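Shown next, in structure tokens, is the structure this report addresses.
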Amino acid sequence: MTNLHSKSVSVIDTASNTVAAEVTVESDPLGVAITPDGTRAYVTNKSADAVSVIDTSTNTVLTTVPLGGPPWGVAITPPVRQHGAL
Amino acid sequence: MRLKLTRLLFAALLPLVFPFALLAQNFAYVTNPGSNSISVINTSTNTVVATVPVGSAPTGVAITPDGTRAYVTNSGSGTVSVINTSGNTVVATVTVGSGPFGAAITPDGTRAYVTNYGSGTISVINTSTNTVVAAVGLGGTPYNVAIAPDGTRAYVTNFSSGTVWVIDASSNTVVGVVAVGKYAEAVAIAPDGTRAYVTSLKQVSVIANSTGTVDATVPVGMNPSAWPSPRTELART
């Protein structure tokens, strides 16, 4: 979960409903989406013109993707298995 | 000649050996309200691979379960842009209400739900025809929307009153209203469908979907402001 104005993402343990970790990202984190395999979280940073990529196993920022302007929402495509290869 | 044949054979067999290696790519679609566009990020390389012009002030984005279409709410132009994700081009523009903000797609991919905060409605789009098949008047400020994994319920946050509307997705009628907290903004449903997580000022409310009551509240640290809500997404593990 992103905390706008605090440069952080809270990770909530849904079994205990407590905050399990706080991940520091860039300015004004707003949107968040998780990859289908659950290993990465993509967070839009509205005031930093960038997207932070979080490793969900370590809850650390792996990389930051620069954009040309302030981002807002984010969604990730599901795994698409094109048939015919086998 | 033999070398050429070997290369050809290798090229022909490669997809058999690594059938899914080339297909495991995911893309993140990011809305850019300031530049009226979508950035497409390859999540393997974490680079921007495409920029798609859409309508005015795009905010929300949702992708169909088969990954072929992205639905983008253009909050400044009262429309939804439908993007073909294989070519990253806009294939349809659907007129909805005023201030379309959030979007969600039903698990079967047949409907897109769009919140219109300006007109106090939600628009339901048929994704095969890209036409609005229902407009539901809610009042208040419908902000974001999430749909239960079994497709039976849509959960819509009301930013101005700190509540969540529970909507029957077959009849598109309101079947419940749940009080959460001031500035209710984002909502996500657990993959097993039992809980809805709703962000509001300095907290996350956990709704038990079977009873429609809040059974836990998680405080989160943040500074109060005019636009204070945290946002939420559940990991699918």
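By convention in this document, the chains of the structure tokens carry letters A, B, ... by their order, each chain's residues are numbered from 1, and ligands are numbered from 1 in the order they are shown.
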
(message) Which residues are near Thr63 in chain A? Cut-off 8 Å, only C-alpha atoms, ignore same chain within fewer than 5 positions. Put them as a ChimeraX atom specification.
(response) /A:52-54 /B:46

(message) Run DSSP on the backbone and tell me which residues of chain A come out as strand (DSSP E); list them as a ChimeraX atom specification.
(response) /A:2-3,8-13,18-24,29-34,40-45,50-55,60-66,74-76

Got a sec to pull out which chain A residues are within 8 Å of chain B, counting only C-alpha atoms, and send them as a PDB file with N, CA and C atoms, in the first residue's frame?
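So selection04.pdb came out as:
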ATOM      1  N   MET A   1       0.821  -1.179   0.000  1.00  0.00           N
ATOM      2  CA  MET A   1       0.000   0.000   0.000  1.00  0.00           C
ATOM      3  C   MET A   1       0.861   1.236   0.000  1.00  0.00           C
ATOM      4  N   THR A   2       0.522   2.209  -0.840  1.00  0.00           N
ATOM      5  CA  THR A   2       1.350   3.411  -0.948  1.00  0.00           C
ATOM      6  C   THR A   2       0.872   4.479   0.019  1.00  0.00           C
ATOM      7  N   ASN A   3       1.822   5.219   0.588  1.00  0.00           N
ATOM      8  CA  ASN A   3       1.496   6.308   1.502  1.00  0.00           C
ATOM      9  C   ASN A   3       1.892   7.639   0.864  1.00  0.00           C
ATOM     10  N   LEU A   4       0.912   8.267   0.243  1.00  0.00           N
ATOM     11  CA  LEU A   4       1.164   9.533  -0.418  1.00  0.00           C
ATOM     12  C   LEU A   4       1.703  10.539   0.594  1.00  0.00           C
ATOM     13  N   HIS A   5       2.691  11.301   0.200  1.00  0.00           N
ATOM     14  CA  HIS A   5       3.339  12.332   1.020  1.00  0.00           C
ATOM     15  C   HIS A   5       4.336  11.793   2.037  1.00  0.00           C
ATOM     16  N   SER A   6       4.526  10.474   2.107  1.00  0.00           N
ATOM     17  CA  SER A   6       5.491  10.001   3.090  1.00  0.00           C
ATOM     18  C   SER A   6       6.615   9.176   2.470  1.00  0.00           C
ATOM     19  N   SER A  10       3.679   0.682   2.592  1.00  0.00           N
ATOM     20  CA  SER A  10       3.464  -0.218   3.725  1.00  0.00           C
ATOM     21  C   SER A  10       3.100  -1.594   3.203  1.00  0.00           C
ATOM     22  N   ASN A  17      -3.208  -8.698   9.885  1.00  0.00           N
ATOM     23  CA  ASN A  17      -3.624  -7.316   9.658  1.00  0.00           C
ATOM     24  C   ASN A  17      -2.746  -6.318  10.423  1.00  0.00           C
ATOM     25  N   THR A  18      -1.446  -6.508  10.295  1.00  0.00           N
ATOM     26  CA  THR A  18      -0.475  -5.573  10.862  1.00  0.00           C
ATOM     27  C   THR A  18       0.500  -5.179   9.758  1.00  0.00           C
ATOM     28  N   VAL A  19       1.150  -4.037   9.963  1.00  0.00           N
ATOM     29  CA  VAL A  19       2.139  -3.586   8.985  1.00  0.00           C
ATOM     30  C   VAL A  19       3.411  -4.417   9.176  1.00  0.00           C
ATOM     31  N   LEU A  30       1.827   6.613  -5.314  1.00  0.00           N
ATOM     32  CA  LEU A  30       0.390   6.719  -5.519  1.00  0.00           C
ATOM     33  C   LEU A  30      -0.243   5.393  -5.922  1.00  0.00           C
ATOM     34  N   GLY A  31       0.136   4.887  -7.085  1.00  0.00           N
ATOM     35  CA  GLY A  31      -0.463   3.637  -7.556  1.00  0.00           C
ATOM     36  C   GLY A  31       0.464   2.465  -7.305  1.00  0.00           C
ATOM     37  N   VAL A  32      -0.113   1.284  -7.215  1.00  0.00           N
ATOM     38  CA  VAL A  32       0.716   0.089  -7.021  1.00  0.00           C
ATOM     39  C   VAL A  32       0.059  -1.090  -7.732  1.00  0.00           C
ATOM     40  N   ALA A  33       0.897  -1.932  -8.340  1.00  0.00           N
ATOM     41  CA  ALA A  33       0.416  -3.158  -8.978  1.00  0.00           C
ATOM     42  C   ALA A  33       1.453  -4.245  -8.742  1.00  0.00           C
ATOM     43  N   ILE A  34       0.966  -5.478  -8.625  1.00  0.00           N
ATOM     44  CA  ILE A  34       1.840  -6.611  -8.334  1.00  0.00           C
ATOM     45  C   ILE A  34       1.905  -7.507  -9.571  1.00  0.00           C
ATOM     46  N   THR A  35       3.089  -8.034  -9.884  1.00  0.00           N
ATOM     47  CA  THR A  35       3.211  -8.936 -11.028  1.00  0.00           C
ATOM     48  C   THR A  35       2.447 -10.233 -10.733  1.00  0.00           C
ATOM     49  N   PRO A  36       2.009 -10.943 -11.779  1.00  0.00           N
ATOM     50  CA  PRO A  36       1.210 -12.155 -11.562  1.00  0.00           C
ATOM     51  C   PRO A  36       1.920 -13.206 -10.708  1.00  0.00           C
ATOM     52  N   ASP A  37       3.245 -13.267 -10.772  1.00  0.00           N
ATOM     53  CA  ASP A  37       3.949 -14.263  -9.957  1.00  0.00           C
ATOM     54  C   ASP A  37       4.200 -13.770  -8.530  1.00  0.00           C
ATOM     55  N   GLY A  38       3.791 -12.543  -8.233  1.00  0.00           N
ATOM     56  CA  GLY A  38       3.892 -12.020  -6.876  1.00  0.00           C
ATOM     57  C   GLY A  38       5.272 -11.564  -6.449  1.00  0.00           C
ATOM     58  N   TYR A  42       5.112  -2.758  -8.555  1.00  0.00           N
ATOM     59  CA  TYR A  42       5.417  -1.546  -9.315  1.00  0.00           C
ATOM     60  C   TYR A  42       4.647  -0.383  -8.693  1.00  0.00           C
ATOM     61  N   THR A  44       3.928   3.792  -8.610  1.00  0.00           N
ATOM     62  CA  THR A  44       4.087   5.078  -9.300  1.00  0.00           C
ATOM     63  C   THR A  44       4.405   6.164  -8.268  1.00  0.00           C
ATOM     64  N   THR A  63      14.953  -1.288  -8.641  1.00  0.00           N
ATOM     65  CA  THR A  63      15.334  -0.292  -9.640  1.00  0.00           C
ATOM     66  C   THR A  63      14.246   0.765  -9.725  1.00  0.00           C
ATOM     67  N   VAL A  65      12.377   3.274 -12.593  1.00  0.00           N
ATOM     68  CA  VAL A  65      12.216   3.530 -14.034  1.00  0.00           C
ATOM     69  C   VAL A  65      11.793   4.980 -14.234  1.00  0.00           C
ATOM     70  N   LEU A  67      10.283   8.303 -15.979  1.00  0.00           N
ATOM     71  CA  LEU A  67       9.253   8.607 -16.977  1.00  0.00           C
ATOM     72  C   LEU A  67       9.371  10.084 -17.342  1.00  0.00           C
ATOM     73  N   GLY A  69       7.017  12.346 -17.121  1.00  0.00           N
ATOM     74  CA  GLY A  69       6.138  13.214 -16.357  1.00  0.00           C
ATOM     75  C   GLY A  69       5.593  12.470 -15.158  1.00  0.00           C
ATOM     76  N   PRO A  70       4.690  13.105 -14.380  1.00  0.00           N
ATOM     77  CA  PRO A  70       4.154  12.451 -13.184  1.00  0.00           C
ATOM     78  C   PRO A  70       3.196  11.308 -13.524  1.00  0.00           C
ATOM     79  N   PRO A  71       3.477  10.103 -13.035  1.00  0.00           N
ATOM     80  CA  PRO A  71       2.560   8.986 -13.286  1.00  0.00           C
ATOM     81  C   PRO A  71       1.437   8.947 -12.261  1.00  0.00           C
ATOM     82  N   TRP A  72       0.400   8.164 -12.554  1.00  0.00           N
ATOM     83  CA  TRP A  72      -0.717   8.029 -11.614  1.00  0.00           C
ATOM     84  C   TRP A  72      -0.991   6.540 -11.373  1.00  0.00           C
ATOM     85  N   GLY A  73      -1.807   5.928 -12.198  1.00  0.00           N
ATOM     86  CA  GLY A  73      -2.190   4.530 -11.970  1.00  0.00           C
ATOM     87  C   GLY A  73      -1.266   3.570 -12.683  1.00  0.00           C
ATOM     88  N   VAL A  74      -1.365   2.307 -12.307  1.00  0.00           N
ATOM     89  CA  VAL A  74      -0.557   1.279 -12.955  1.00  0.00           C
ATOM     90  C   VAL A  74      -1.309  -0.050 -12.914  1.00  0.00           C
ATOM     91  N   ALA A  75      -1.184  -0.824 -14.006  1.00  0.00           N
ATOM     92  CA  ALA A  75      -1.739  -2.180 -14.065  1.00  0.00           C
ATOM     93  C   ALA A  75      -0.750  -3.034 -14.830  1.00  0.00           C
ATOM     94  N   ILE A  76      -0.720  -4.330 -14.510  1.00  0.00           N
ATOM     95  CA  ILE A  76       0.242  -5.237 -15.143  1.00  0.00           C
ATOM     96  C   ILE A  76      -0.505  -6.322 -15.892  1.00  0.00           C
ATOM     97  N   THR A  77      -0.007  -6.653 -17.084  1.00  0.00           N
ATOM     98  CA  THR A  77      -0.659  -7.686 -17.894  1.00  0.00           C
ATOM     99  C   THR A  77      -0.511  -9.038 -17.207  1.00  0.00           C
ATOM    100  N   PRO A  78      -1.512  -9.911 -17.380  1.00  0.00           N
ATOM    101  CA  PRO A  78      -1.386 -11.271 -16.849  1.00  0.00           C
ATOM    102  C   PRO A  78      -0.440 -12.078 -17.740  1.00  0.00           C
ATOM    103  N   PRO A  79       0.021 -13.246 -17.266  1.00  0.00           N
ATOM    104  CA  PRO A  79       0.872 -14.077 -18.124  1.00  0.00           C
ATOM    105  C   PRO A  79       0.054 -14.620 -19.281  1.00  0.00           C
ATOM    106  N   VAL A  80       0.491 -14.349 -20.489  1.00  0.00           N
ATOM    107  CA  VAL A  80      -0.241 -14.810 -21.665  1.00  0.00           C
ATOM    108  C   VAL A  80       0.533 -15.961 -22.282  1.00  0.00           C
ATOM    109  N   ARG A  81      -0.056 -17.115 -22.334  1.00  0.00           N
ATOM    110  CA  ARG A  81       0.596 -18.288 -22.918  1.00  0.00           C
ATOM    111  C   ARG A  81       0.074 -18.463 -24.333  1.00  0.00           C
ATOM    112  N   GLN A  82       0.936 -18.130 -25.289  1.00  0.00           N
ATOM    113  CA  GLN A  82       0.510 -18.308 -26.671  1.00  0.00           C
ATOM    114  C   GLN A  82       0.702 -19.768 -27.038  1.00  0.00           C
ATOM    115  N   ALA A  85       3.510 -23.441 -29.722  1.00  0.00           N
ATOM    116  CA  ALA A  85       4.935 -23.676 -29.631  1.00  0.00           C
ATOM    117  C   ALA A  85       5.229 -25.152 -29.403  1.00  0.00           C
ATOM    118  N   LEU A  86       4.303 -25.837 -28.754  1.00  0.00           N
ATOM    119  CA  LEU A  86       4.547 -27.270 -28.513  1.00  0.00           C
ATOM    120  C   LEU A  86       3.532 -28.106 -29.281  1.00  0.00           C
TER     121      LEU A  86
END

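Between CA of Val166 in chain B and CA of Leu201 in chain B there is a distance of 20.3 Å.
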
(message) I'd like to know which of B:Asp108, B:Asp192, B:Glu185, B:Asp168 is closest to Asn126 in chain B, using only C-alpha atoms.
(response) B:Asp108

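Residue nearest Ser119 in chain B within the list B:Ile167, B:Ile105, B:Val96, B:Val132: B:Val96 [criterion: smallest interatomic distance, only C-alpha atoms].
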
(message) Residues within 7 Å of Ala104 in chain B, please, as number ranges by chain. Count only C-alpha atoms; anything in the same chain fewer than 3 positions from it doesn't count.
(response) B: 62, 112-114, 145-147

If you keep N, CA and C atoms, can you produce a file of those selected residues as a short mmCIF file (atom, residue, chain, number, x, y, z; two decimals), in the first residue's frame?
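The resulting file, selection-v6.cif, is shown below:
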data_model
loop_
_atom_site.label_atom_id
_atom_site.label_comp_id
_atom_site.auth_asym_id
_atom_site.auth_seq_id
_atom_site.Cartn_x
_atom_site.Cartn_y
_atom_site.Cartn_z
N ALA B 62 -7.00 -0.63 -16.22
CA ALA B 62 -7.27 -2.04 -15.88
C ALA B 62 -7.04 -2.86 -17.14
N ALA B 112 -16.27 -4.03 -18.15
CA ALA B 112 -15.38 -3.10 -17.46
C ALA B 112 -16.25 -2.16 -16.63
N TYR B 113 -15.89 -1.99 -15.36
CA TYR B 113 -16.60 -1.07 -14.46
C TYR B 113 -15.75 0.18 -14.31
N VAL B 114 -16.39 1.34 -14.52
CA VAL B 114 -15.69 2.62 -14.47
C VAL B 114 -16.41 3.54 -13.49
N VAL B 145 -12.80 1.19 -7.89
CA VAL B 145 -13.66 0.01 -7.95
C VAL B 145 -12.79 -1.25 -8.02
N ALA B 146 -13.27 -2.30 -7.33
CA ALA B 146 -12.66 -3.63 -7.43
C ALA B 146 -13.79 -4.64 -7.53
N ILE B 147 -13.51 -5.75 -8.19
CA ILE B 147 -14.54 -6.76 -8.41
C ILE B 147 -14.11 -8.07 -7.76
#

Considering only C-alpha atoms, return as an mmCIF file with N, CA and C atoms, in the first residue's frame whatever protein or nucleic-acid residues lie within 7 Å of Asn45 in chain A, sequence-local ones (same chain, fewer than 6 positions apart) excluded.
data_model
loop_
_atom_site.group_PDB
_atom_site.id
_atom_site.type_symbol
_atom_site.label_atom_id
_atom_site.label_comp_id
_atom_site.auth_asym_id
_atom_site.auth_seq_id
_atom_site.Cartn_x
_atom_site.Cartn_y
_atom_site.Cartn_z
ATOM 1 N N GLU A 26 10.188 6.774 -3.836
ATOM 2 C CA GLU A 26 10.419 8.166 -4.228
ATOM 3 C C GLU A 26 9.260 9.037 -3.739
ATOM 4 N N SER A 27 9.233 10.268 -4.194
ATOM 5 C CA SER A 27 8.246 11.251 -3.741
ATOM 6 C C SER A 27 6.830 10.917 -4.184
ATOM 7 N N ASP A 28 5.893 10.984 -3.228
ATOM 8 C CA ASP A 28 4.468 10.821 -3.504
ATOM 9 C C ASP A 28 4.106 9.517 -4.221
ATOM 10 N N PRO A 29 4.349 8.386 -3.559
ATOM 11 C CA PRO A 29 3.899 7.119 -4.156
ATOM 12 C C PRO A 29 2.377 7.085 -4.216
ATOM 13 N N LEU A 30 1.827 6.613 -5.314
ATOM 14 C CA LEU A 30 0.390 6.719 -5.519
ATOM 15 C C LEU A 30 -0.243 5.393 -5.922
ATOM 16 N N VAL A 51 8.768 5.251 -11.690
ATOM 17 C CA VAL A 51 8.149 4.055 -11.126
ATOM 18 C C VAL A 51 9.211 3.281 -10.352
ATOM 19 N N PRO A 71 3.477 10.103 -13.035
ATOM 20 C CA PRO A 71 2.560 8.986 -13.286
ATOM 21 C C PRO A 71 1.437 8.947 -12.261
#
